[in-house]
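File shown here: run-v3.pdb, holding PDB, C-alpha atoms, pLDDT in the B column.
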ATOM      1  CA  MET E   1     -16.254  25.296  47.922  1.00 40.00           C
ATOM      2  CA  ALA E   2     -18.153  22.676  45.956  1.00 50.00           C
ATOM      3  CA  LYS E   3     -18.524  25.276  43.231  1.00 58.00           C
ATOM      4  CA  ARG E   4     -14.762  25.655  42.909  1.00 68.00           C
ATOM      5  CA  ALA E   5     -14.269  21.888  42.700  1.00 79.00           C
ATOM      6  CA  ILE E   6     -16.608  21.541  39.733  1.00 85.00           C
ATOM      7  CA  GLU E   7     -15.091  24.406  37.722  1.00 85.00           C
ATOM      8  CA  PRO E   8     -12.237  22.342  36.138  1.00 88.00           C
ATOM      9  CA  LEU E   9     -14.759  19.703  35.029  1.00 90.00           C
ATOM     10  CA  LEU E  10     -16.885  22.386  33.364  1.00 90.00           C
ATOM     11  CA  TRP E  11     -13.841  23.745  31.504  1.00 91.00           C
ATOM     12  CA  MET E  12     -12.944  20.211  30.415  1.00 91.00           C
ATOM     13  CA  LEU E  13     -16.450  19.654  29.043  1.00 92.00           C
ATOM     14  CA  PHE E  14     -16.204  23.058  27.360  1.00 93.00           C
ATOM     15  CA  SER E  15     -13.020  22.207  25.494  1.00 92.00           C
ATOM     16  CA  GLY E  16     -14.027  18.624  24.726  1.00 93.00           C
ATOM     17  CA  GLY E  17     -17.345  19.830  23.366  1.00 95.00           C
ATOM     18  CA  GLY E  18     -15.575  22.590  21.439  1.00 95.00           C
ATOM     19  CA  VAL E  19     -13.344  20.069  19.664  1.00 95.00           C
ATOM     20  CA  LEU E  20     -16.166  17.638  18.827  1.00 96.00           C
ATOM     21  CA  ALA E  21     -18.467  20.461  17.705  1.00 96.00           C
ATOM     22  CA  ALA E  22     -15.766  21.905  15.430  1.00 96.00           C
ATOM     23  CA  LEU E  23     -14.953  18.496  13.914  1.00 96.00           C
ATOM     24  CA  PHE E  24     -18.476  17.136  13.404  1.00 97.00           C
ATOM     25  CA  ILE E  25     -21.079  19.889  13.261  1.00 97.00           C
ATOM     26  CA  PRO E  26     -20.094  21.846  10.084  1.00 97.00           C
ATOM     27  CA  MET E  27     -20.528  18.852   7.756  1.00 97.00           C
ATOM     28  CA  LEU E  28     -23.579  17.424   9.566  1.00 97.00           C
ATOM     29  CA  LEU E  29     -25.296  20.806   9.607  1.00 97.00           C
ATOM     30  CA  PHE E  30     -24.451  21.485   5.962  1.00 97.00           C
ATOM     31  CA  LEU E  31     -25.888  18.127   4.846  1.00 96.00           C
ATOM     32  CA  PHE E  32     -28.923  17.732   7.097  1.00 96.00           C
ATOM     33  CA  GLY E  33     -29.728  21.415   7.520  1.00 96.00           C
ATOM     34  CA  LEU E  34     -29.130  22.757   4.002  1.00 96.00           C
ATOM     35  CA  ALA E  35     -28.122  20.317   1.281  1.00 95.00           C
ATOM     36  CA  PHE E  36     -30.753  17.600   1.883  1.00 94.00           C
ATOM     37  CA  PRO E  37     -33.805  19.780   2.641  1.00 94.00           C
ATOM     38  CA  SER E  38     -33.095  22.163  -0.239  1.00 94.00           C
ATOM     39  CA  GLY E  39     -32.521  19.331  -2.699  1.00 92.00           C
ATOM     40  CA  LEU E  40     -28.961  20.417  -3.481  1.00 94.00           C
ATOM     41  CA  LEU E  41     -27.804  16.847  -2.790  1.00 93.00           C
ATOM     42  CA  PRO E  42     -29.916  13.678  -2.819  1.00 92.00           C
ATOM     43  CA  ALA E  43     -31.093  12.886   0.729  1.00 91.00           C
ATOM     44  CA  PRO E  44     -30.354   9.369   1.988  1.00 91.00           C
ATOM     45  CA  SER E  45     -33.320   7.028   2.065  1.00 90.00           C
ATOM     46  CA  HIS E  46     -35.155   6.408   5.319  1.00 90.00           C
ATOM     47  CA  GLN E  47     -33.899   2.810   5.305  1.00 91.00           C
ATOM     48  CA  HIS E  48     -30.269   3.925   4.913  1.00 93.00           C
ATOM     49  CA  LEU E  49     -30.549   6.433   7.769  1.00 92.00           C
ATOM     50  CA  LEU E  50     -32.148   3.765   9.974  1.00 92.00           C
ATOM     51  CA  VAL E  51     -29.198   1.455   9.359  1.00 93.00           C
ATOM     52  CA  VAL E  52     -26.587   4.180   9.926  1.00 94.00           C
ATOM     53  CA  LEU E  53     -28.249   5.569  13.059  1.00 93.00           C
ATOM     54  CA  SER E  54     -28.877   2.117  14.574  1.00 93.00           C
ATOM     55  CA  HIS E  55     -25.184   1.245  14.536  1.00 94.00           C
ATOM     56  CA  PRO E  56     -23.736   1.281  18.074  1.00 94.00           C
ATOM     57  CA  VAL E  57     -20.698   3.361  16.998  1.00 95.00           C
ATOM     58  CA  THR E  58     -22.881   6.068  15.390  1.00 95.00           C
ATOM     59  CA  ARG E  59     -25.113   6.187  18.469  1.00 95.00           C
ATOM     60  CA  ALA E  60     -22.165   6.412  20.848  1.00 96.00           C
ATOM     61  CA  VAL E  61     -20.405   9.130  18.797  1.00 97.00           C
ATOM     62  CA  LEU E  62     -23.566  11.201  18.307  1.00 97.00           C
ATOM     63  CA  PHE E  63     -24.521  10.909  21.983  1.00 97.00           C
ATOM     64  CA  LEU E  64     -21.044  12.048  23.024  1.00 97.00           C
ATOM     65  CA  LEU E  65     -21.232  14.905  20.508  1.00 97.00           C
ATOM     66  CA  CYS E  66     -24.655  16.009  21.775  1.00 97.00           C
ATOM     67  CA  THR E  67     -23.852  15.957  25.463  1.00 97.00           C
ATOM     68  CA  THR E  68     -20.423  17.618  25.272  1.00 97.00           C
ATOM     69  CA  ALA E  69     -21.661  20.191  22.725  1.00 97.00           C
ATOM     70  CA  LEU E  70     -24.544  21.076  25.067  1.00 97.00           C
ATOM     71  CA  PHE E  71     -22.181  21.590  28.006  1.00 96.00           C
ATOM     72  CA  HIS E  72     -19.810  23.527  25.739  1.00 96.00           C
ATOM     73  CA  GLY E  73     -22.688  25.773  24.654  1.00 96.00           C
ATOM     74  CA  ALA E  74     -24.005  26.194  28.201  1.00 96.00           C
ATOM     75  CA  HIS E  75     -20.580  27.165  29.525  1.00 95.00           C
ATOM     76  CA  ARG E  76     -19.795  29.580  26.729  1.00 94.00           C
ATOM     77  CA  PHE E  77     -23.213  31.215  26.783  1.00 94.00           C
ATOM     78  CA  ARG E  78     -22.953  31.673  30.545  1.00 93.00           C
ATOM     79  CA  TYR E  79     -19.739  33.640  30.016  1.00 91.00           C
ATOM     80  CA  THR E  80     -21.234  35.531  27.068  1.00 91.00           C
ATOM     81  CA  LEU E  81     -23.848  36.933  29.427  1.00 90.00           C
ATOM     82  CA  TYR E  82     -21.168  37.525  32.076  1.00 87.00           C
ATOM     83  CA  ASP E  83     -18.680  39.368  29.823  1.00 83.00           C
ATOM     84  CA  GLY E  84     -20.921  40.707  27.090  1.00 82.00           C
ATOM     85  CA  LEU E  85     -23.883  42.032  29.020  1.00 84.00           C
ATOM     86  CA  GLN E  86     -22.116  42.105  32.414  1.00 81.00           C
ATOM     87  CA  ILE E  87     -25.003  40.351  34.121  1.00 81.00           C
ATOM     88  CA  LYS E  88     -23.190  39.420  37.301  1.00 78.00           C
ATOM     89  CA  HIS E  89     -25.892  39.653  39.928  1.00 81.00           C
ATOM     90  CA  LEU E  90     -27.867  36.803  38.292  1.00 86.00           C
ATOM     91  CA  ASN E  91     -24.838  34.517  38.139  1.00 85.00           C
ATOM     92  CA  GLU E  92     -26.426  31.662  40.062  1.00 89.00           C
ATOM     93  CA  LEU E  93     -29.717  31.719  38.137  1.00 92.00           C
ATOM     94  CA  ILE E  94     -27.880  31.833  34.790  1.00 92.00           C
ATOM     95  CA  SER E  95     -25.638  28.907  35.761  1.00 92.00           C
ATOM     96  CA  LEU E  96     -28.666  26.927  36.876  1.00 93.00           C
ATOM     97  CA  LEU E  97     -30.515  27.542  33.590  1.00 94.00           C
ATOM     98  CA  CYS E  98     -27.467  26.886  31.369  1.00 94.00           C
ATOM     99  CA  TYR E  99     -26.154  23.709  33.013  1.00 94.00           C
ATOM    100  CA  GLY E 100     -29.672  22.574  33.923  1.00 95.00           C
ATOM    101  CA  GLY E 101     -30.627  22.830  30.256  1.00 96.00           C
ATOM    102  CA  ALA E 102     -27.511  20.868  29.273  1.00 96.00           C
ATOM    103  CA  ILE E 103     -28.390  18.123  31.781  1.00 96.00           C
ATOM    104  CA  VAL E 104     -31.984  17.913  30.492  1.00 97.00           C
ATOM    105  CA  GLY E 105     -30.671  17.748  26.902  1.00 96.00           C
ATOM    106  CA  THR E 106     -28.228  14.981  27.870  1.00 96.00           C
ATOM    107  CA  VAL E 107     -31.049  12.918  29.393  1.00 97.00           C
ATOM    108  CA  VAL E 108     -33.218  13.401  26.281  1.00 96.00           C
ATOM    109  CA  ALA E 109     -30.301  12.507  23.974  1.00 96.00           C
ATOM    110  CA  GLY E 110     -29.472   9.459  26.102  1.00 95.00           C
ATOM    111  CA  TYR E 111     -33.071   8.268  25.874  1.00 94.00           C
ATOM    112  CA  LEU E 112     -33.254   8.805  22.082  1.00 93.00           C
ATOM    113  CA  PHE E 113     -29.965   7.092  21.257  1.00 93.00           C
ATOM    114  CA  TRP E 114     -30.591   4.266  23.712  1.00 92.00           C
ATOM    115  CA  ARG E 115     -34.001   3.625  22.108  1.00 87.00           C
ATOM    116  CA  ALA E 116     -32.430   3.791  18.635  1.00 81.00           C
ATOM    117  CA  GLY E 117     -30.726   0.404  19.110  1.00 74.00           C
TER
ATOM    118  CA  MET G  28     -12.187  54.574  61.165  1.00 53.00           C
ATOM    119  CA  LYS G  29      -8.852  54.500  62.873  1.00 57.00           C
ATOM    120  CA  ASP G  30      -5.789  56.368  61.669  1.00 61.00           C
ATOM    121  CA  LYS G  31      -5.972  56.499  57.936  1.00 54.00           C
ATOM    122  CA  PRO G  32      -2.918  55.030  56.188  1.00 54.00           C
ATOM    123  CA  VAL G  33      -1.585  57.704  53.903  1.00 57.00           C
ATOM    124  CA  TYR G  34      -0.301  55.395  51.230  1.00 56.00           C
ATOM    125  CA  SER G  35      -3.665  53.942  50.318  1.00 54.00           C
ATOM    126  CA  GLU G  36      -5.352  57.273  49.759  1.00 55.00           C
ATOM    127  CA  PHE G  37      -5.420  56.818  45.994  1.00 57.00           C
ATOM    128  CA  HIS G  38      -5.280  53.079  45.944  1.00 58.00           C
ATOM    129  CA  PRO G  39      -6.020  51.701  42.452  1.00 60.00           C
ATOM    130  CA  ARG G  40      -8.803  49.666  44.020  1.00 63.00           C
ATOM    131  CA  TRP G  41     -10.939  52.774  44.122  1.00 61.00           C
ATOM    132  CA  TYR G  42     -10.444  53.607  40.485  1.00 67.00           C
ATOM    133  CA  ARG G  43     -13.054  51.633  38.673  1.00 71.00           C
ATOM    134  CA  PRO G  44     -14.433  53.359  35.592  1.00 76.00           C
ATOM    135  CA  ARG G  45     -17.868  52.099  34.609  1.00 79.00           C
ATOM    136  CA  MET G  46     -17.790  49.931  31.550  1.00 80.00           C
ATOM    137  CA  SER G  47     -20.607  50.345  29.064  1.00 84.00           C
ATOM    138  CA  THR G  48     -22.835  47.304  28.575  1.00 83.00           C
ATOM    139  CA  TYR G  49     -22.099  47.595  24.879  1.00 85.00           C
ATOM    140  CA  TRP G  50     -18.307  47.901  25.213  1.00 85.00           C
ATOM    141  CA  TRP G  51     -17.884  45.261  22.511  1.00 85.00           C
ATOM    142  CA  VAL G  52     -19.482  47.115  19.571  1.00 87.00           C
ATOM    143  CA  LYS G  53     -16.801  49.754  19.144  1.00 87.00           C
ATOM    144  CA  ARG G  54     -13.938  47.581  18.000  1.00 90.00           C
ATOM    145  CA  TRP G  55     -14.003  44.789  15.447  1.00 91.00           C
ATOM    146  CA  SER G  56     -11.814  42.502  17.557  1.00 91.00           C
ATOM    147  CA  HIS G  57     -14.191  42.896  20.517  1.00 91.00           C
ATOM    148  CA  LEU G  58     -17.234  42.340  18.309  1.00 91.00           C
ATOM    149  CA  ALA G  59     -15.596  39.241  16.828  1.00 92.00           C
ATOM    150  CA  PHE G  60     -15.039  37.932  20.358  1.00 91.00           C
ATOM    151  CA  ILE G  61     -18.725  38.335  21.248  1.00 91.00           C
ATOM    152  CA  LEU G  62     -19.838  36.827  17.923  1.00 92.00           C
ATOM    153  CA  ARG G  63     -17.568  33.861  18.542  1.00 93.00           C
ATOM    154  CA  GLU G  64     -19.066  33.451  22.006  1.00 93.00           C
ATOM    155  CA  LEU G  65     -22.563  33.591  20.494  1.00 94.00           C
ATOM    156  CA  SER G  66     -21.746  30.560  18.341  1.00 96.00           C
ATOM    157  CA  SER G  67     -22.695  28.630  21.500  1.00 95.00           C
ATOM    158  CA  LEU G  68     -26.382  29.314  20.813  1.00 96.00           C
ATOM    159  CA  PHE G  69     -26.144  27.952  17.285  1.00 97.00           C
ATOM    160  CA  ILE G  70     -24.329  24.827  18.463  1.00 97.00           C
ATOM    161  CA  VAL G  71     -27.179  24.197  20.891  1.00 97.00           C
ATOM    162  CA  TRP G  72     -29.659  24.765  18.029  1.00 97.00           C
ATOM    163  CA  PHE G  73     -27.863  22.104  15.968  1.00 97.00           C
ATOM    164  CA  VAL G  74     -28.059  19.577  18.825  1.00 97.00           C
ATOM    165  CA  LEU G  75     -31.830  20.167  19.099  1.00 97.00           C
ATOM    166  CA  TYR G  76     -32.192  19.843  15.316  1.00 97.00           C
ATOM    167  CA  LEU G  77     -30.198  16.592  15.281  1.00 96.00           C
ATOM    168  CA  LEU G  78     -32.246  15.130  18.147  1.00 96.00           C
ATOM    169  CA  LEU G  79     -35.489  16.053  16.343  1.00 95.00           C
ATOM    170  CA  MET G  80     -34.180  14.288  13.254  1.00 95.00           C
ATOM    171  CA  VAL G  81     -33.188  11.154  15.169  1.00 94.00           C
ATOM    172  CA  ARG G  82     -36.646  11.084  16.751  1.00 93.00           C
ATOM    173  CA  ALA G  83     -38.203  11.458  13.292  1.00 93.00           C
ATOM    174  CA  VAL G  84     -36.114   8.642  11.775  1.00 92.00           C
ATOM    175  CA  PHE G  85     -37.248   6.201  14.479  1.00 90.00           C
ATOM    176  CA  GLY G  86     -40.848   7.405  14.673  1.00 82.00           C
ATOM    177  CA  THR G  87     -43.562   6.066  12.380  1.00 75.00           C
ATOM    178  CA  ASN G  88     -44.305   8.365   9.423  1.00 75.00           C
ATOM    179  CA  ARG G  89     -42.310  11.155  11.026  1.00 83.00           C
ATOM    180  CA  TYR G  90     -39.357  11.047   8.627  1.00 86.00           C
ATOM    181  CA  GLN G  91     -41.159  12.658   5.695  1.00 88.00           C
ATOM    182  CA  GLU G  92     -42.760  15.180   8.058  1.00 90.00           C
ATOM    183  CA  PHE G  93     -39.355  16.197   9.373  1.00 92.00           C
ATOM    184  CA  PHE G  94     -37.905  16.753   5.912  1.00 89.00           C
ATOM    185  CA  GLU G  95     -40.914  18.827   4.886  1.00 92.00           C
ATOM    186  CA  TRP G  96     -40.522  20.936   8.028  1.00 95.00           C
ATOM    187  CA  SER G  97     -36.761  21.338   7.491  1.00 95.00           C
ATOM    188  CA  ALA G  98     -37.340  22.539   3.904  1.00 95.00           C
ATOM    189  CA  LYS G  99     -39.286  25.587   5.151  1.00 96.00           C
ATOM    190  CA  PRO G 100     -37.505  28.849   4.254  1.00 96.00           C
ATOM    191  CA  VAL G 101     -37.350  29.959   7.923  1.00 97.00           C
ATOM    192  CA  ILE G 102     -35.583  26.757   8.968  1.00 97.00           C
ATOM    193  CA  LEU G 103     -33.217  26.949   5.985  1.00 97.00           C
ATOM    194  CA  VAL G 104     -32.289  30.520   6.920  1.00 97.00           C
ATOM    195  CA  VAL G 105     -31.747  29.567  10.575  1.00 98.00           C
ATOM    196  CA  ASN G 106     -29.560  26.650   9.470  1.00 97.00           C
ATOM    197  CA  PHE G 107     -27.616  28.852   7.056  1.00 97.00           C
ATOM    198  CA  VAL G 108     -26.864  31.416   9.781  1.00 98.00           C
ATOM    199  CA  SER G 109     -26.037  28.584  12.190  1.00 97.00           C
ATOM    200  CA  LEU G 110     -23.588  27.091   9.694  1.00 97.00           C
ATOM    201  CA  ALA G 111     -21.811  30.452   9.399  1.00 97.00           C
ATOM    202  CA  PHE G 112     -21.470  30.694  13.193  1.00 97.00           C
ATOM    203  CA  VAL G 113     -20.389  27.061  13.562  1.00 97.00           C
ATOM    204  CA  LEU G 114     -17.729  27.544  10.860  1.00 97.00           C
ATOM    205  CA  PHE G 115     -16.532  30.663  12.698  1.00 96.00           C
ATOM    206  CA  HIS G 116     -16.313  28.584  15.880  1.00 96.00           C
ATOM    207  CA  ALA G 117     -14.454  25.751  14.122  1.00 96.00           C
ATOM    208  CA  ILE G 118     -11.891  28.011  12.426  1.00 95.00           C
ATOM    209  CA  THR G 119     -11.169  30.125  15.518  1.00 94.00           C
ATOM    210  CA  TRP G 120     -10.999  26.943  17.613  1.00 94.00           C
ATOM    211  CA  PHE G 121      -8.482  25.209  15.323  1.00 93.00           C
ATOM    212  CA  ASN G 122      -6.422  28.369  15.021  1.00 92.00           C
ATOM    213  CA  LEU G 123      -6.229  28.604  18.809  1.00 90.00           C
ATOM    214  CA  ALA G 124      -5.253  24.959  19.269  1.00 87.00           C
ATOM    215  CA  PRO G 125      -1.496  25.490  18.682  1.00 86.00           C
ATOM    216  CA  LYS G 126      -1.503  28.203  21.357  1.00 85.00           C
ATOM    217  CA  ALA G 127      -3.451  26.100  23.859  1.00 83.00           C
ATOM    218  CA  MET G 128      -1.583  22.833  23.312  1.00 78.00           C
ATOM    219  CA  VAL G 129       2.069  22.251  24.005  1.00 80.00           C
ATOM    220  CA  VAL G 130       3.074  18.855  22.668  1.00 82.00           C
ATOM    221  CA  ARG G 131       6.531  17.461  23.197  1.00 84.00           C
ATOM    222  CA  LEU G 132       8.045  14.644  21.195  1.00 82.00           C
ATOM    223  CA  GLY G 133      11.430  13.282  22.204  1.00 83.00           C
ATOM    224  CA  GLY G 134      12.062  16.321  24.437  1.00 84.00           C
ATOM    225  CA  LYS G 135      11.407  18.801  21.645  1.00 86.00           C
ATOM    226  CA  ARG G 136       8.377  21.000  21.306  1.00 84.00           C
ATOM    227  CA  VAL G 137       6.222  20.173  18.300  1.00 84.00           C
ATOM    228  CA  PRO G 138       5.877  23.355  16.213  1.00 85.00           C
ATOM    229  CA  GLY G 139       2.502  25.079  16.429  1.00 84.00           C
ATOM    230  CA  SER G 140       1.950  24.890  12.691  1.00 87.00           C
ATOM    231  CA  TRP G 141       1.998  21.074  12.897  1.00 88.00           C
ATOM    232  CA  ILE G 142      -0.652  21.069  15.622  1.00 88.00           C
ATOM    233  CA  GLY G 143      -2.809  23.477  13.638  1.00 89.00           C
ATOM    234  CA  ALA G 144      -2.374  21.404  10.477  1.00 92.00           C
ATOM    235  CA  SER G 145      -3.236  18.143  12.276  1.00 92.00           C
ATOM    236  CA  ASN G 146      -6.441  19.747  13.576  1.00 92.00           C
ATOM    237  CA  TYR G 147      -7.468  20.804  10.077  1.00 95.00           C
ATOM    238  CA  LEU G 148      -6.535  17.351   8.770  1.00 96.00           C
ATOM    239  CA  ALA G 149      -8.749  15.709  11.417  1.00 95.00           C
ATOM    240  CA  TRP G 150     -11.572  18.080  10.421  1.00 96.00           C
ATOM    241  CA  ALA G 151     -11.212  17.070   6.765  1.00 97.00           C
ATOM    242  CA  VAL G 152     -11.106  13.338   7.587  1.00 97.00           C
ATOM    243  CA  VAL G 153     -14.187  13.490   9.853  1.00 97.00           C
ATOM    244  CA  SER G 154     -16.121  15.573   7.302  1.00 96.00           C
ATOM    245  CA  ALA G 155     -15.203  13.183   4.473  1.00 96.00           C
ATOM    246  CA  LEU G 156     -16.255  10.162   6.551  1.00 96.00           C
ATOM    247  CA  ILE G 157     -19.645  11.739   7.293  1.00 96.00           C
ATOM    248  CA  ALA G 158     -20.157  12.607   3.620  1.00 95.00           C
ATOM    249  CA  VAL G 159     -19.212   9.098   2.426  1.00 95.00           C
ATOM    250  CA  LEU G 160     -21.469   7.497   5.046  1.00 94.00           C
ATOM    251  CA  LEU G 161     -24.466   9.579   3.990  1.00 94.00           C
ATOM    252  CA  LEU G 162     -23.910  10.039   0.265  1.00 91.00           C
ATOM    253  CA  GLY G 163     -22.076   6.855  -0.639  1.00 80.00           C
ATOM    254  CA  ALA G 164     -25.109   4.607  -0.625  1.00 54.00           C
TER
END

Could you express the structure from this file as structure tokens?
Amino acid sequence: MAKRAIEPLLWMLFSGGGVLAALFIPMLLFLFGLAFPSGLLPAPSHQHLLVVLSHPVTRAVLFLLCTTALFHGAHRFRYTLYDGLQIKHLNELISLLCYGGAIVGTVVAGYLFWRAG
Amino acid sequence: MKDKPVYSEFHPRWYRPRMSTYWWVKRWSHLAFILRELSSLFIVWFVLYLLLMVRAVFGTNRYQEFFEWSAKPVILVVNFVSLAFVLFHAITWFNLAPKAMVVRLGGKRVPGSWIGASNYLAWAVVSALIAVLLLGA
């Protein structure tokens, strides 16, 4: 029954992460993943990034984005395997790997953003 | 087996046609559903990429290394594909919001188009803030 009790929380993390990912990731990915490395736009200086990333608000927002986006991804990918490939007999293993990965990622993100202060 | 109830002879429960593993390739709407679900992988990729960057910014001499690595064609292609999937996620997500959210103001239901528009407005504001924060200096 414990499994049933946690299901609403997982759906909440899924939708919260979905909203934050949709709001934040397109611009961040465009800038840091394409525009800056390719030289399309001038990349911010190391000093500027240090200042921006050290700010408590940035760290809190990015940590929240990372953790909820990871749980969003874990939840959605679990159901992709369930609906898309109809892997139902491995349900428990898949859940363990997906949510386990999200928990590990949350711990790593927490450590990085905590250290960034 | 005791006396067999006549009415359940052809119970629908027994009619379960096997569904192909690749049921989603035949129709565009089904394929779009699976592609949208696969955006999850690219969102996770972005989180890893962001964490690597944060680590590089706070590590000694790692910042330049990170930007050299991220300028590799393979990484640029992965990021380009990821951006396409993330945009697909964002647009489908915002378009669904009016259907998922019922907001009432003063006893009246707020029209769906307003909810959709406010989501897109929030997206624009957040994106502009990020751009100003990173490009303004």

Taking only C-alpha atoms into account, find every residue of chain G that has an atom no more than 6 Å from chain E, and write it out as a short mmCIF file (atom, residue, chain, number, x, y, z; two decimals) with C-alpha atoms, in the frame of the given file.
data_model
loop_
_atom_site.label_atom_id
_atom_site.label_comp_id
_atom_site.auth_asym_id
_atom_site.auth_seq_id
_atom_site.Cartn_x
_atom_site.Cartn_y
_atom_site.Cartn_z
CA THR G 48 -22.84 47.30 28.58
CA GLU G 64 -19.07 33.45 22.01
CA SER G 67 -22.70 28.63 21.50
CA VAL G 71 -27.18 24.20 20.89
CA VAL G 74 -28.06 19.58 18.82
CA SER G 97 -36.76 21.34 7.49
CA ALA G 98 -37.34 22.54 3.90
CA ASN G 106 -29.56 26.65 9.47
CA ALA G 117 -14.45 25.75 14.12
CA TRP G 150 -11.57 18.08 10.42
CA SER G 154 -16.12 15.57 7.30
#

**OP:** Would you mind listing what lies within 12 Å of Arg131 in chain G as an NGL selection string, with all atoms listed in the file counted and same-chain residues fewer than 6 positions away left out?
**Re:** :G and (137-139 or 141-142)

Let's have the selection written as a PDB file, keeping the file's coordinate frame, with C-alpha atoms.
ATOM      1  CA  VAL G 137       6.222  20.173  18.300  1.00 84.00           C
ATOM      2  CA  PRO G 138       5.877  23.355  16.213  1.00 85.00           C
ATOM      3  CA  GLY G 139       2.502  25.079  16.429  1.00 84.00           C
ATOM      4  CA  TRP G 141       1.998  21.074  12.897  1.00 88.00           C
ATOM      5  CA  ILE G 142      -0.652  21.069  15.622  1.00 88.00           C
TER       6      ILE G 142
END

**OP:** Please measure the separation of CA of Ala144 in chain G and CA of Met12 in chain E, giving the value in Å to one decimal.
**Re:** 22.6 Å

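Interatomic distance, CA of Phe115 in chain G against CA of Trp11 in chain E: 20.2 Å.
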
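Going from CA of Ile118 in chain G to CA of Leu156 in chain G covers 19.3 Å.
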
All heavy atoms modelled onto range 9-14 of chain E, as an mmCIF file, keeping the file's coordinate frame:
data_model
loop_
_atom_site.group_PDB
_atom_site.id
_atom_site.type_symbol
_atom_site.label_atom_id
_atom_site.label_comp_id
_atom_site.auth_asym_id
_atom_site.auth_seq_id
_atom_site.Cartn_x
_atom_site.Cartn_y
_atom_site.Cartn_z
ATOM 1 N N LEU E 9 -13.960 20.649 35.814
ATOM 2 C CA LEU E 9 -14.759 19.703 35.029
ATOM 3 C C LEU E 9 -15.543 20.447 33.960
ATOM 4 O O LEU E 9 -15.621 20.013 32.804
ATOM 5 C CB LEU E 9 -15.708 18.939 35.954
ATOM 6 C CG LEU E 9 -16.661 17.983 35.237
ATOM 7 C CD1 LEU E 9 -15.920 16.757 34.733
ATOM 8 C CD2 LEU E 9 -17.807 17.561 36.142
ATOM 9 N N LEU E 10 -16.106 21.604 34.328
ATOM 10 C CA LEU E 10 -16.885 22.386 33.364
ATOM 11 C C LEU E 10 -15.996 22.874 32.229
ATOM 12 O O LEU E 10 -16.398 22.867 31.069
ATOM 13 C CB LEU E 10 -17.560 23.572 34.064
ATOM 14 C CG LEU E 10 -18.651 23.195 35.057
ATOM 15 C CD1 LEU E 10 -19.162 24.427 35.792
ATOM 16 C CD2 LEU E 10 -19.798 22.498 34.350
ATOM 17 N N TRP E 11 -14.759 23.288 32.559
ATOM 18 C CA TRP E 11 -13.841 23.745 31.504
ATOM 19 C C TRP E 11 -13.407 22.588 30.611
ATOM 20 O O TRP E 11 -13.209 22.754 29.412
ATOM 21 C CB TRP E 11 -12.612 24.443 32.114
ATOM 22 C CG TRP E 11 -12.933 25.846 32.497
ATOM 23 C CD1 TRP E 11 -13.162 26.313 33.753
ATOM 24 C CD2 TRP E 11 -13.110 26.977 31.616
ATOM 25 N NE1 TRP E 11 -13.475 27.657 33.718
ATOM 26 C CE2 TRP E 11 -13.443 28.088 32.426
ATOM 27 C CE3 TRP E 11 -13.022 27.146 30.232
ATOM 28 C CZ2 TRP E 11 -13.697 29.357 31.894
ATOM 29 C CZ3 TRP E 11 -13.258 28.410 29.700
ATOM 30 C CH2 TRP E 11 -13.590 29.493 30.536
ATOM 31 N N MET E 12 -13.290 21.381 31.204
ATOM 32 C CA MET E 12 -12.944 20.211 30.415
ATOM 33 C C MET E 12 -14.062 19.877 29.426
ATOM 34 O O MET E 12 -13.801 19.590 28.259
ATOM 35 C CB MET E 12 -12.703 19.022 31.338
ATOM 36 C CG MET E 12 -11.361 18.386 31.153
ATOM 37 S SD MET E 12 -11.048 17.219 32.463
ATOM 38 C CE MET E 12 -12.206 15.928 32.030
ATOM 39 N N LEU E 13 -15.309 19.913 29.923
ATOM 40 C CA LEU E 13 -16.450 19.654 29.043
ATOM 41 C C LEU E 13 -16.521 20.717 27.960
ATOM 42 O O LEU E 13 -16.862 20.443 26.814
ATOM 43 C CB LEU E 13 -17.751 19.638 29.846
ATOM 44 C CG LEU E 13 -18.011 18.382 30.664
ATOM 45 C CD1 LEU E 13 -19.179 18.597 31.618
ATOM 46 C CD2 LEU E 13 -18.296 17.205 29.744
ATOM 47 N N PHE E 14 -16.191 21.963 28.327
ATOM 48 C CA PHE E 14 -16.204 23.058 27.360
ATOM 49 C C PHE E 14 -15.228 22.780 26.220
ATOM 50 O O PHE E 14 -15.586 22.872 25.044
ATOM 51 C CB PHE E 14 -15.852 24.382 28.054
ATOM 52 C CG PHE E 14 -15.521 25.494 27.109
ATOM 53 C CD1 PHE E 14 -16.522 26.129 26.394
ATOM 54 C CD2 PHE E 14 -14.206 25.897 26.902
ATOM 55 C CE1 PHE E 14 -16.227 27.142 25.504
ATOM 56 C CE2 PHE E 14 -13.900 26.914 26.022
ATOM 57 C CZ PHE E 14 -14.917 27.533 25.319
#
